[in-house]
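Here is model-v1.txt, consisting of compact mmCIF, C-alpha atoms and all ligand atoms:
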```
# COMPACT_ATOMS: atom_id res chain seq x y z
CA MET A 1 30.58 3.33 -10.47
CA LYS A 2 29.21 3.33 -6.92
CA GLU A 3 25.45 2.91 -6.45
CA PRO A 4 23.82 6.35 -6.10
CA THR A 5 22.26 7.46 -2.82
CA PHE A 6 18.74 8.89 -3.05
CA LEU A 7 17.41 11.94 -1.27
CA TYR A 8 13.81 10.67 -1.43
CA GLY A 9 13.34 8.35 1.50
CA LEU A 10 15.57 10.23 3.94
CA ASP A 11 13.87 11.32 7.14
CA LEU A 12 14.49 14.61 8.92
CA GLU A 13 17.19 13.18 11.21
CA GLU A 14 19.13 11.85 8.21
CA LEU A 15 18.76 15.15 6.34
CA THR A 16 19.92 17.00 9.46
CA ARG A 17 23.01 14.77 9.64
CA LEU A 18 23.66 15.40 5.95
CA ALA A 19 23.42 19.17 6.53
CA ALA A 20 25.82 18.94 9.50
CA GLU A 21 28.34 16.89 7.49
CA HIS A 22 28.41 19.67 4.88
CA GLN A 23 28.35 22.47 7.46
CA TRP A 24 25.10 23.87 6.11
CA PRO A 25 22.78 25.70 8.49
CA ALA A 26 20.43 23.25 10.25
CA TYR A 27 17.32 24.80 8.64
CA ARG A 28 18.48 23.46 5.25
CA ALA A 29 17.35 19.97 6.34
CA ARG A 30 13.75 21.15 6.77
CA GLN A 31 13.90 23.11 3.51
CA ILE A 32 15.07 20.03 1.59
CA ALA A 33 12.36 17.92 3.25
CA GLN A 34 9.76 20.48 2.12
CA TRP A 35 11.01 20.42 -1.46
CA LEU A 36 10.99 16.64 -1.51
CA TYR A 37 7.80 15.78 0.33
CA ARG A 38 5.55 18.80 -0.25
CA LYS A 39 6.66 20.19 -3.63
CA HIS A 40 7.86 16.84 -5.02
CA ILE A 41 10.77 18.26 -7.00
CA ALA A 42 12.32 16.14 -9.70
CA SER A 43 15.30 18.48 -10.22
CA TRP A 44 17.23 20.91 -8.00
CA ASP A 45 16.37 23.76 -10.42
CA GLU A 46 12.84 23.70 -9.00
CA ALA A 47 14.08 24.30 -5.43
CA LYS A 48 14.09 28.08 -5.40
CA ASN A 49 15.66 28.82 -1.99
CA ILE A 50 18.40 26.20 -2.24
CA PRO A 51 21.75 27.64 -3.36
CA ALA A 52 23.21 26.04 -6.50
CA GLU A 53 26.35 25.12 -4.52
CA LEU A 54 24.36 22.67 -2.41
CA PRO A 55 23.74 19.99 -5.06
CA LYS A 56 27.28 20.62 -6.32
CA ALA A 57 28.64 19.96 -2.82
CA LEU A 58 26.65 16.73 -2.66
CA GLY A 59 28.21 15.56 -5.90
CA PRO A 60 26.95 13.06 -8.49
CA GLN A 61 26.69 10.34 -5.87
CA TRP A 62 23.50 11.93 -4.49
CA VAL A 63 20.46 11.61 -6.73
CA LEU A 64 17.01 13.06 -5.97
CA ARG A 65 14.67 10.37 -7.23
CA ALA A 66 14.84 6.63 -7.67
CA LEU A 67 11.81 6.25 -9.96
CA GLU A 68 11.13 7.29 -13.53
CA PHE A 69 7.58 7.86 -14.68
CA GLU A 70 6.75 5.39 -17.45
CA GLU A 71 3.02 5.67 -18.27
CA ALA A 72 -0.45 6.32 -16.88
CA SER A 73 -3.63 4.59 -18.07
CA ASP A 74 -7.04 5.97 -17.28
CA SER A 75 -10.14 3.81 -16.77
CA ALA A 76 -13.12 4.48 -19.03
CA GLN A 77 -15.06 6.06 -16.15
CA HIS A 78 -12.01 8.21 -15.22
CA GLU A 79 -12.24 7.04 -11.65
CA SER A 80 -8.97 5.18 -11.47
CA VAL A 81 -5.63 5.80 -13.12
CA LYS A 82 -2.91 3.22 -13.12
CA PHE A 83 0.65 4.56 -12.99
CA LEU A 84 3.65 2.58 -14.09
CA PHE A 85 7.15 3.55 -12.91
CA LYS A 86 10.60 2.25 -13.75
CA THR A 87 13.16 1.66 -11.03
CA ARG A 88 16.89 2.38 -11.44
CA ASP A 89 17.54 -1.34 -11.88
CA GLY A 90 15.08 -1.47 -14.79
CA MET A 91 12.08 -3.06 -13.03
CA LEU A 92 8.50 -1.87 -13.41
CA LEU A 93 6.31 -0.99 -10.50
CA GLU A 94 2.73 0.16 -10.34
CA SER A 95 0.42 2.31 -8.26
CA VAL A 96 -3.22 3.27 -8.72
CA LEU A 97 -4.96 6.59 -8.10
CA ILE A 98 -8.65 6.18 -7.26
CA ALA A 99 -10.68 9.38 -7.38
CA GLN A 100 -14.11 9.26 -5.74
CA ARG A 101 -15.94 12.49 -4.91
CA ASP A 102 -13.53 14.59 -2.82
CA ARG A 103 -11.20 11.67 -2.07
CA ARG A 104 -8.04 10.91 -3.99
CA THR A 105 -6.60 7.63 -2.76
CA VAL A 106 -3.26 6.27 -3.88
CA CYS A 107 -2.71 2.53 -3.68
CA VAL A 108 1.04 1.99 -3.32
CA SER A 109 3.19 -1.07 -3.97
CA THR A 110 5.77 -2.16 -1.42
CA GLN A 111 7.59 -4.92 -3.31
CA LEU A 112 8.42 -5.88 -6.86
CA GLY A 113 6.33 -9.04 -6.96
CA CYS A 114 5.05 -10.84 -3.90
CA LYS A 115 6.23 -13.94 -2.05
CA ILE A 116 2.84 -14.68 -0.47
CA GLY A 117 1.49 -16.17 -3.71
CA CYS A 118 -2.29 -15.87 -3.22
CA ILE A 119 -3.64 -18.04 -6.02
CA PHE A 120 -6.13 -15.48 -7.35
CA CYS A 121 -3.59 -12.63 -7.53
CA ALA A 122 -1.40 -11.69 -10.48
CA SER A 123 1.37 -10.33 -8.22
CA GLY A 124 2.07 -13.73 -6.78
CA LYS A 125 2.45 -15.22 -10.31
CA GLY A 126 5.44 -13.29 -11.61
CA LYS A 127 8.98 -13.75 -10.33
CA PHE A 128 9.72 -11.95 -7.05
CA GLY A 129 12.04 -9.04 -7.74
CA ARG A 130 12.97 -7.31 -4.51
CA ASN A 131 11.70 -5.14 -1.69
CA LEU A 132 11.11 -1.49 -2.49
CA THR A 133 12.95 1.11 -0.44
CA ALA A 134 11.06 3.62 1.72
CA GLY A 135 12.01 6.25 -0.87
CA GLU A 136 10.51 4.21 -3.72
CA ILE A 137 7.29 3.78 -1.71
CA VAL A 138 6.81 7.49 -0.94
CA GLU A 139 7.96 8.53 -4.42
CA GLN A 140 4.89 6.81 -5.89
CA VAL A 141 2.73 9.26 -3.93
CA ALA A 142 4.96 12.22 -4.86
CA TRP A 143 4.87 11.41 -8.57
CA ILE A 144 1.09 10.91 -8.60
CA GLU A 145 0.40 14.10 -6.67
CA LYS A 146 2.65 16.03 -9.04
CA LYS A 147 1.19 14.50 -12.21
CA ASN A 148 -2.39 14.82 -11.01
CA GLY A 149 -1.96 18.38 -9.73
CA GLN A 150 -4.20 17.78 -6.72
CA PRO A 151 -3.31 16.69 -3.20
CA VAL A 152 -3.63 13.02 -2.36
CA THR A 153 -6.05 12.58 0.57
CA ASN A 154 -5.65 8.87 1.42
CA ILE A 155 -3.03 6.17 1.05
CA VAL A 156 -3.61 2.44 1.03
CA PHE A 157 -0.75 -0.04 1.13
CA MET A 158 -2.64 -2.52 -1.04
CA GLY A 159 -0.65 -2.58 -4.27
CA VAL A 160 1.85 -5.22 -5.26
CA GLY A 161 3.60 -6.87 -2.32
CA GLU A 162 2.97 -7.67 1.33
CA PRO A 163 3.85 -4.50 3.29
CA LEU A 164 4.67 -6.40 6.50
CA ASP A 165 7.11 -8.61 4.57
CA ASN A 166 9.04 -5.40 3.82
CA PHE A 167 8.63 -4.18 7.34
CA GLU A 168 11.31 -1.56 7.97
CA ALA A 169 10.81 0.19 4.61
CA THR A 170 7.04 0.25 5.21
CA MET A 171 7.51 1.74 8.70
CA LYS A 172 9.88 4.39 7.38
CA ALA A 173 7.53 5.28 4.53
CA LEU A 174 4.71 5.62 7.08
CA LYS A 175 6.87 7.96 9.13
CA ILE A 176 7.60 10.20 6.11
CA LEU A 177 3.96 10.19 5.02
CA GLN A 178 2.71 11.28 8.45
CA ALA A 179 5.45 13.64 9.65
CA PRO A 180 4.76 17.39 9.68
CA TRP A 181 8.10 17.85 7.87
CA GLY A 182 7.02 15.11 5.41
CA PHE A 183 3.73 14.70 3.56
CA GLY A 184 1.80 15.65 6.70
CA LEU A 185 -1.00 13.11 6.18
CA SER A 186 -3.15 12.08 9.12
CA SER A 187 -2.72 8.46 10.28
CA ARG A 188 -6.52 8.15 9.96
CA ARG A 189 -6.09 8.43 6.21
CA ILE A 190 -3.52 5.68 5.84
CA THR A 191 -4.30 1.95 5.68
CA VAL A 192 -1.84 -0.92 5.70
CA SER A 193 -3.14 -4.18 4.36
CA THR A 194 -1.70 -7.56 5.29
CA SER A 195 -2.29 -11.17 4.37
CA GLY A 196 -1.94 -12.02 8.08
CA ILE A 197 1.70 -12.29 9.18
CA THR A 198 0.73 -12.30 12.84
CA PRO A 199 4.06 -11.48 14.62
CA LYS A 200 4.50 -8.52 12.27
CA ILE A 201 0.93 -7.35 12.92
CA VAL A 202 1.74 -7.11 16.64
CA GLU A 203 4.96 -5.22 15.89
CA PHE A 204 3.22 -2.93 13.40
CA VAL A 205 0.52 -1.96 15.91
CA ARG A 206 3.14 -1.34 18.60
CA ARG A 207 5.37 0.81 16.37
CA SER A 208 2.50 2.79 14.86
CA GLU A 209 0.87 3.16 18.31
CA GLY A 210 -2.31 1.69 16.87
CA ARG A 211 -2.98 4.84 14.85
CA VAL A 212 -2.53 3.62 11.28
CA ARG A 213 -5.50 1.69 9.94
CA LEU A 214 -5.08 -2.07 9.65
CA SER A 215 -6.76 -4.13 6.99
CA VAL A 216 -6.52 -7.92 6.91
CA SER A 217 -7.04 -9.88 3.71
CA LEU A 218 -9.28 -12.67 4.92
CA HIS A 219 -10.76 -14.22 1.75
CA SER A 220 -12.05 -17.28 3.63
CA SER A 221 -13.20 -18.18 7.13
CA ASP A 222 -12.35 -21.83 6.60
CA ASP A 223 -8.78 -22.84 7.45
CA LYS A 224 -8.35 -25.37 4.66
CA ARG A 225 -9.76 -23.09 1.98
CA ARG A 226 -7.86 -20.07 3.25
CA THR A 227 -4.60 -22.03 3.03
CA GLU A 228 -5.43 -22.82 -0.61
CA LEU A 229 -6.20 -19.18 -1.39
CA VAL A 230 -3.67 -17.41 0.86
CA PRO A 231 -0.82 -19.88 1.46
CA VAL A 232 0.58 -17.87 4.41
CA ASN A 233 -2.40 -19.26 6.34
CA LYS A 234 -0.49 -22.52 6.69
CA LYS A 235 2.12 -20.79 8.85
CA TYR A 236 -0.29 -18.38 10.56
CA PRO A 237 -3.67 -20.18 10.61
CA LEU A 238 -7.00 -18.53 11.33
CA ALA A 239 -6.91 -19.39 15.06
CA ASP A 240 -3.56 -17.58 15.33
CA LEU A 241 -4.87 -14.63 13.33
CA GLU A 242 -8.01 -14.45 15.45
CA ARG A 243 -6.00 -14.57 18.70
CA THR A 244 -3.63 -11.87 17.45
CA LEU A 245 -6.41 -9.55 16.31
CA ARG A 246 -8.25 -9.94 19.62
CA GLN A 247 -5.00 -9.17 21.43
CA ILE A 248 -4.30 -5.95 19.48
CA HIS A 249 -7.93 -4.89 19.24
CA MET A 250 -7.81 -2.98 22.54
CA THR A 251 -4.67 -1.04 21.56
CA LEU A 252 -5.86 -0.17 18.07
CA LYS A 253 -7.29 3.31 17.83
CA ARG A 254 -8.97 2.52 14.51
CA ASP A 255 -11.38 -0.16 13.39
CA ILE A 256 -10.00 -3.30 11.80
CA THR A 257 -11.16 -4.00 8.26
CA PHE A 258 -11.36 -7.41 6.65
CA GLU A 259 -10.92 -7.54 2.88
CA TYR A 260 -12.85 -10.40 1.33
CA THR A 261 -12.39 -11.14 -2.36
CA LEU A 262 -15.55 -12.97 -3.30
CA ILE A 263 -14.90 -15.65 -5.92
CA ASP A 264 -17.75 -17.43 -7.67
CA GLY A 265 -18.25 -20.96 -6.31
CA VAL A 266 -15.07 -20.82 -4.20
CA ASN A 267 -15.67 -18.80 -1.03
CA ASP A 268 -19.18 -17.43 -1.54
CA SER A 269 -21.30 -19.85 0.54
CA ASP A 270 -23.54 -18.90 3.47
CA GLU A 271 -21.35 -21.05 5.67
CA GLU A 272 -18.32 -18.95 4.72
CA ALA A 273 -20.31 -15.78 5.42
CA ARG A 274 -21.32 -17.07 8.87
CA GLY A 275 -17.64 -17.83 9.56
CA VAL A 276 -16.77 -14.23 8.65
CA VAL A 277 -19.46 -13.03 11.09
CA ARG A 278 -17.93 -15.17 13.84
CA LEU A 279 -14.51 -13.58 13.23
CA ALA A 280 -15.63 -10.00 12.62
CA ARG A 281 -18.27 -9.45 15.30
CA PRO A 282 -16.13 -9.66 18.47
CA LEU A 283 -13.64 -7.25 16.83
CA GLN A 284 -16.37 -4.90 15.57
CA ALA A 285 -14.50 -5.21 12.29
CA LYS A 286 -15.84 -3.85 9.05
CA VAL A 287 -15.88 -6.18 6.04
CA ASN A 288 -15.12 -5.02 2.51
CA VAL A 289 -16.52 -7.49 0.02
CA ILE A 290 -14.71 -7.22 -3.30
CA PRO A 291 -16.23 -9.17 -6.19
CA TYR A 292 -13.32 -10.94 -7.88
CA ASN A 293 -11.73 -8.96 -10.70
CA PRO A 294 -11.09 -11.42 -13.55
CA ILE A 295 -7.50 -11.94 -14.60
CA ARG A 296 -6.78 -13.52 -17.94
CA GLU A 297 -4.29 -16.12 -16.73
CA MET A 298 -6.65 -17.47 -14.07
CA LYS A 299 -9.63 -19.73 -14.00
CA PHE A 300 -11.67 -17.91 -11.33
CA ARG A 301 -14.93 -16.12 -12.11
CA THR A 302 -16.69 -13.02 -10.84
CA PRO A 303 -19.74 -13.81 -8.67
CA SER A 304 -23.17 -12.68 -9.89
CA PRO A 305 -24.70 -9.53 -8.32
CA GLN A 306 -27.25 -11.82 -6.59
CA THR A 307 -24.47 -13.87 -4.97
CA VAL A 308 -22.72 -10.71 -3.78
CA GLU A 309 -25.99 -9.40 -2.35
CA ARG A 310 -26.76 -12.71 -0.59
CA PHE A 311 -23.27 -12.96 0.92
CA ALA A 312 -23.26 -9.33 2.10
CA GLY A 313 -26.82 -9.83 3.39
CA VAL A 314 -25.77 -12.66 5.76
CA LEU A 315 -23.14 -10.34 7.25
CA GLU A 316 -25.47 -7.37 7.50
CA LYS A 317 -28.27 -9.33 9.12
CA SER A 318 -25.81 -10.44 11.80
CA GLY A 319 -24.90 -6.86 12.61
CA VAL A 320 -21.55 -6.74 10.77
CA ARG A 321 -20.77 -3.51 8.90
CA VAL A 322 -20.20 -4.40 5.28
CA THR A 323 -19.39 -2.50 2.12
CA VAL A 324 -19.34 -3.94 -1.36
CA ARG A 325 -16.53 -2.47 -3.36
CA ARG A 326 -17.05 -2.13 -7.04
CA THR A 327 -14.10 -3.49 -8.99
CA ALA A 328 -12.78 -0.11 -10.10
CA GLY A 329 -10.73 0.07 -13.22
CA GLN A 330 -11.39 -3.38 -14.61
CA ASP A 331 -10.71 -1.96 -18.08
CA ILE A 332 -7.21 -0.77 -17.13
CA ASN A 333 -6.16 -4.12 -15.67
CA ALA A 334 -6.34 -2.75 -12.16
CA ALA A 335 -6.18 -6.20 -10.63
CA CYS A 336 -3.01 -5.90 -8.60
CA GLY A 337 0.13 -6.88 -10.42
CA GLN A 338 -1.50 -7.42 -13.78
CA LEU A 339 0.02 -4.57 -15.73
CA ARG A 340 3.46 -5.59 -14.60
CA LEU A 341 2.70 -9.18 -15.56
CA ASP A 342 1.51 -8.02 -18.99
CA ARG A 343 4.83 -6.30 -19.61
CA GLY A 344 6.70 -9.47 -18.66
CA LYS A 345 8.75 -7.83 -15.86
S1 LIG B 1 -3.09 -10.55 -2.78
FE1 LIG B 1 -1.53 -9.26 -1.82
S2 LIG B 1 -0.43 -10.69 -0.46
FE2 LIG B 1 -1.56 -11.96 -1.90
S3 LIG B 1 -0.09 -12.37 -3.58
FE3 LIG B 1 -1.29 -10.54 -4.14
S4 LIG B 1 -0.04 -8.81 -3.46
FE4 LIG B 1 0.71 -10.65 -2.38
```

Before anything else, please render the file you have as structure tokens.
Ligand code: SF4
Amino acid sequence: MKEPTFLYGLDLEELTRLAAEHQWPAYRARQIAQWLYRKHIASWDEAKNIPAELPKALGPQWVLRALEFEEASDSAQHESVKFLFKTRDGMLLESVLIAQRDRRTVCVSTQLGCKIGCIFCASGKGKFGRNLTAGEIVEQVAWIEKKNGQPVTNIVFMGVGEPLDNFEATMKALKILQAPWGFGLSSRRITVSTSGITPKIVEFVRRSEGRVRLSVSLHSSDDKRRTELVPVNKKYPLADLERTLRQIHMTLKRDITFEYTLIDGVNDSDEEARGVVRLARPLQAKVNVIPYNPIREMKFRTPSPQTVERFAGVLEKSGVRVTVRRTAGQDINAACGQLRLDRGK
């Protein structure tokens, strides 16, 4: 049997073409987009103003969704829920909902596994599966919004995978998430995180007109150490990253954020902190310090609260904006990629 084609992931132009091919009135394209991206239907029966002949005319080849909901696990403090989905080819993928005050942020995955292979990250340990489609990326948000019953306010592309290594699908998902005919989310509320693939950063900023927030996983200000932690640094070293970020800084309409996973005895020295200041200050970048979230298979340790305070203090005293992120959902294995690793997929 031929591979099915999925409605989730089509943009308005593609839906309009589909309507024209079937000689439906043009407004059907917008109606279908609304049912997909605002009401998040899982079956045509839910789409009240769509005639029953429409799905019949499409035939069995056209399927609404590509993902099946598998399970959701709540953290003890009920502030993060990890969702596990199954793809049509039997792979598991995960997303996290983080609820804090009036914010509901979904952390989406963009790949099944990750080729970057950061040594402290569970996603880089398992076998790389494949890139997710744009539909599979936006479906994570649709499923979570539907299950949770409340609108998602923010999206971060910080789950499993390197978004800029799955560039076209990421760009298309961003389009659907922001479009008025799509999810209608403001670009201010969307963040794409990268390990530092510099040519793709330039392209991403150009294509998104600098509106979508950019977050760079720094993790060390020392070239040698960063290569050990984030192997992509060998190809795109810190000097290249710094040059690229300075180049795009003027076009970016949002602040750059550096993510810094603080690992006990590895990248937590004052010297490292001063290196972060040197990189962050000219860019007026904000730094998110994330105390390392322990993963069973790995030897790294969480830094003490005193170490975190000292490290953040060096940044603060030098005028760098810094936030210390609590490791939300430690009890639900919210370290990226871990649940999938646990299930052996
Ligand atoms: S930290 Fe991000 S880029 Fe690095 S291996 Fe994990 S998912 Fe990939």

Within 9 Å of His249 in chain A, counting only C-alpha atoms, which residues qualify if same-chain residues fewer than 6 places away don't, as a list in words?
Gly210, Asp255, Ile256 and Leu283 of chain A

Go ahead and find all residues with at least one atom no further than 12 Å from (-17.0, -11.4, 15.5) in the file's coordinates, using all atoms listed in the file; report them as a VMD selection string.
chain A and resid 221 242 to 243 245 to 246 249 256 to 258 273 to 287 315 318 to 321

Minimum-distance residue to ligand LIG 1 (chain B), chosen among A:Ala239, A:Leu36, A:Val141, A:Cys107 (using all atoms listed in the file):
A:Cys107

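Excluding Ser220 in chain A itself and same-chain residues fewer than 6 positions from it, the residues having an atom within 10 Å of it are Arg226, Thr227, Glu228, Leu229, Val230, Leu238, Glu259, Tyr260, Thr261, Leu262, Val266, Asn267, Asp268, Glu272, Ala273, Gly275 and Val276 of chain A, counting only C-alpha atoms.
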
Near-range 184-197 of chain A list (9 Å; only C-alpha atoms; drop same-chain fewer than 3 positions) as an MDAnalysis selection string:
chainID A and resid 37:38 116 118 152:158 162:165 170 174 176:181 200:201 208 211:218 230 232:233 235:238 241 254 257 259

Residues from the last selection, C-alpha atoms, saved as a PDB file, in the coordinates of the input:
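Everything below was put into selection-v1.pdb:
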```pdb
ATOM      1  CA  TYR A  37       7.800  15.780   0.330  1.00  0.00           C
ATOM      2  CA  ARG A  38       5.550  18.800  -0.250  1.00  0.00           C
ATOM      3  CA  ILE A 116       2.840 -14.680  -0.470  1.00  0.00           C
ATOM      4  CA  CYS A 118      -2.290 -15.870  -3.220  1.00  0.00           C
ATOM      5  CA  VAL A 152      -3.630  13.020  -2.360  1.00  0.00           C
ATOM      6  CA  THR A 153      -6.050  12.580   0.570  1.00  0.00           C
ATOM      7  CA  ASN A 154      -5.650   8.870   1.420  1.00  0.00           C
ATOM      8  CA  ILE A 155      -3.030   6.170   1.050  1.00  0.00           C
ATOM      9  CA  VAL A 156      -3.610   2.440   1.030  1.00  0.00           C
ATOM     10  CA  PHE A 157      -0.750  -0.040   1.130  1.00  0.00           C
ATOM     11  CA  MET A 158      -2.640  -2.520  -1.040  1.00  0.00           C
ATOM     12  CA  GLU A 162       2.970  -7.670   1.330  1.00  0.00           C
ATOM     13  CA  PRO A 163       3.850  -4.500   3.290  1.00  0.00           C
ATOM     14  CA  LEU A 164       4.670  -6.400   6.500  1.00  0.00           C
ATOM     15  CA  ASP A 165       7.110  -8.610   4.570  1.00  0.00           C
ATOM     16  CA  THR A 170       7.040   0.250   5.210  1.00  0.00           C
ATOM     17  CA  LEU A 174       4.710   5.620   7.080  1.00  0.00           C
ATOM     18  CA  ILE A 176       7.600  10.200   6.110  1.00  0.00           C
ATOM     19  CA  LEU A 177       3.960  10.190   5.020  1.00  0.00           C
ATOM     20  CA  GLN A 178       2.710  11.280   8.450  1.00  0.00           C
ATOM     21  CA  ALA A 179       5.450  13.640   9.650  1.00  0.00           C
ATOM     22  CA  PRO A 180       4.760  17.390   9.680  1.00  0.00           C
ATOM     23  CA  TRP A 181       8.100  17.850   7.870  1.00  0.00           C
ATOM     24  CA  LYS A 200       4.500  -8.520  12.270  1.00  0.00           C
ATOM     25  CA  ILE A 201       0.930  -7.350  12.920  1.00  0.00           C
ATOM     26  CA  SER A 208       2.500   2.790  14.860  1.00  0.00           C
ATOM     27  CA  ARG A 211      -2.980   4.840  14.850  1.00  0.00           C
ATOM     28  CA  VAL A 212      -2.530   3.620  11.280  1.00  0.00           C
ATOM     29  CA  ARG A 213      -5.500   1.690   9.940  1.00  0.00           C
ATOM     30  CA  LEU A 214      -5.080  -2.070   9.650  1.00  0.00           C
ATOM     31  CA  SER A 215      -6.760  -4.130   6.990  1.00  0.00           C
ATOM     32  CA  VAL A 216      -6.520  -7.920   6.910  1.00  0.00           C
ATOM     33  CA  SER A 217      -7.040  -9.880   3.710  1.00  0.00           C
ATOM     34  CA  LEU A 218      -9.280 -12.670   4.920  1.00  0.00           C
ATOM     35  CA  VAL A 230      -3.670 -17.410   0.860  1.00  0.00           C
ATOM     36  CA  VAL A 232       0.580 -17.870   4.410  1.00  0.00           C
ATOM     37  CA  ASN A 233      -2.400 -19.260   6.340  1.00  0.00           C
ATOM     38  CA  LYS A 235       2.120 -20.790   8.850  1.00  0.00           C
ATOM     39  CA  TYR A 236      -0.290 -18.380  10.560  1.00  0.00           C
ATOM     40  CA  PRO A 237      -3.670 -20.180  10.610  1.00  0.00           C
ATOM     41  CA  LEU A 238      -7.000 -18.530  11.330  1.00  0.00           C
ATOM     42  CA  LEU A 241      -4.870 -14.630  13.330  1.00  0.00           C
ATOM     43  CA  ARG A 254      -8.970   2.520  14.510  1.00  0.00           C
ATOM     44  CA  THR A 257     -11.160  -4.000   8.260  1.00  0.00           C
ATOM     45  CA  GLU A 259     -10.920  -7.540   2.880  1.00  0.00           C
TER      46      GLU A 259
END
```

Neighbouring residues of Thr5 in chain A were defined as those with any atom within 10 Å, considering all atoms listed in the file; residues of the same chain fewer than 2 positions away were excluded. Please report them as an NGL selection string.
:A and (2-3 or 7-10 or 60-66)

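Separating CA of Ile50 in chain A from CA of His22 in chain A is a distance of 13.9 Å.
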
For Val324 in chain A, which residue among A:Met298, A:Leu92, A:Ile290, A:Ala20 is the nearest when counting all atoms listed in the file?
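The answer is A:Ile290, which sits nearest to Val324 in chain A.
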
One number please: CA of Leu93 in chain A to CA of Leu67 in chain A, in Å, one decimal.
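One can read the CA of Leu93 in chain A to CA of Leu67 in chain A distance as 9.1 Å.
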
Rank nothing, just name the residue among A:Pro231, A:Gly90, A:Pro151, A:Pro55 nearest to ligand LIG 1 (chain B), using only C-alpha atoms and all ligand atoms.
A:Pro231

Kindly give the distance, in Å, that separates CA of Tyr292 in chain A and CA of Cys121 in chain A, rounded to a single decimal.
9.9 Å

Find the residue from A:Lys175, A:Lys82, A:Lys125, A:Lys224 that sits nearest to ligand LIG 1 (chain B); use all atoms listed in the file when measuring.
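Closest to ligand LIG 1 (chain B) of all the choices is A:Lys125.
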
Box in all listed atoms of ligand LIG 1 (chain B), axis-aligned, with 8 Å more on each side; write out centre and edge lengths in Å to one decimal as JSON.
```
{"center_x": -1.2, "center_y": -10.6, "center_z": -2.3, "size_x": 19.8, "size_y": 19.6, "size_z": 19.7}
```

Go through A:Ala26, A:Ile263, A:Leu112, A:Ala173 one by one, measure the shortest atom-to-atom distance of each to Gly126 in chain A using only C-alpha atoms, and give the residue with the smallest value.
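Closest to Gly126 in chain A, using only C-alpha atoms: A:Leu112.
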
Using all atoms listed in the file: which of A:Asp270, A:Glu316, A:Glu168, A:Glu136 has the shortest distance to Phe6 in chain A
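Of all the options, A:Glu136 lies closest to Phe6 in chain A.
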
Mind listing as a PyMOL selection string all residues within 9 Å of (7.8, 3.3, -6.7), counting all atoms listed in the file?
chain A and resi 66-68+84-87+92-95+108-111+132-133+135-141+143

Long-range neighbours of Thr251 in chain A as number ranges by chain, 9 Å cut-off, all atoms listed in the file, 5 positions minimum in chain:
A: 205-206, 209-210

Reconstruct range 243-252 of chain A at the level of N, CA, C and O atoms, and format the result as an mmCIF file, in the frame of the given file.
```cif
data_model
loop_
_atom_site.group_PDB
_atom_site.id
_atom_site.type_symbol
_atom_site.label_atom_id
_atom_site.label_comp_id
_atom_site.auth_asym_id
_atom_site.auth_seq_id
_atom_site.Cartn_x
_atom_site.Cartn_y
_atom_site.Cartn_z
ATOM 1 N N ARG A 243 -6.584 -14.853 17.382
ATOM 2 C CA ARG A 243 -6.000 -14.570 18.700
ATOM 3 C C ARG A 243 -5.227 -13.241 18.644
ATOM 4 O O ARG A 243 -5.372 -12.386 19.505
ATOM 5 N N THR A 244 -4.448 -13.085 17.583
ATOM 6 C CA THR A 244 -3.630 -11.870 17.450
ATOM 7 C C THR A 244 -4.510 -10.626 17.333
ATOM 8 O O THR A 244 -4.268 -9.611 17.988
ATOM 9 N N LEU A 245 -5.550 -10.717 16.516
ATOM 10 C CA LEU A 245 -6.410 -9.550 16.310
ATOM 11 C C LEU A 245 -7.166 -9.202 17.590
ATOM 12 O O LEU A 245 -7.353 -8.035 17.911
ATOM 13 N N ARG A 246 -7.566 -10.217 18.343
ATOM 14 C CA ARG A 246 -8.250 -9.940 19.620
ATOM 15 C C ARG A 246 -7.282 -9.265 20.594
ATOM 16 O O ARG A 246 -7.658 -8.374 21.337
ATOM 17 N N GLN A 247 -6.030 -9.714 20.535
ATOM 18 C CA GLN A 247 -5.000 -9.170 21.430
ATOM 19 C C GLN A 247 -4.724 -7.689 21.117
ATOM 20 O O GLN A 247 -4.601 -6.882 22.016
ATOM 21 N N ILE A 248 -4.651 -7.340 19.833
ATOM 22 C CA ILE A 248 -4.300 -5.950 19.480
ATOM 23 C C ILE A 248 -5.526 -5.030 19.422
ATOM 24 O O ILE A 248 -5.379 -3.814 19.401
ATOM 25 N N HIS A 249 -6.693 -5.650 19.409
ATOM 26 C CA HIS A 249 -7.930 -4.890 19.240
ATOM 27 C C HIS A 249 -8.040 -3.724 20.229
ATOM 28 O O HIS A 249 -8.411 -2.603 19.876
ATOM 29 N N MET A 250 -7.676 -3.990 21.487
ATOM 30 C CA MET A 250 -7.810 -2.980 22.540
ATOM 31 C C MET A 250 -6.841 -1.816 22.344
ATOM 32 O O MET A 250 -7.123 -0.694 22.737
ATOM 33 N N THR A 251 -5.665 -2.119 21.736
ATOM 34 C CA THR A 251 -4.670 -1.040 21.560
ATOM 35 C C THR A 251 -4.909 -0.250 20.277
ATOM 36 O O THR A 251 -4.435 0.882 20.153
ATOM 37 N N LEU A 252 -5.620 -0.846 19.347
ATOM 38 C CA LEU A 252 -5.860 -0.170 18.070
ATOM 39 C C LEU A 252 -6.806 1.008 18.253
ATOM 40 O O LEU A 252 -7.854 0.873 18.885
#
```
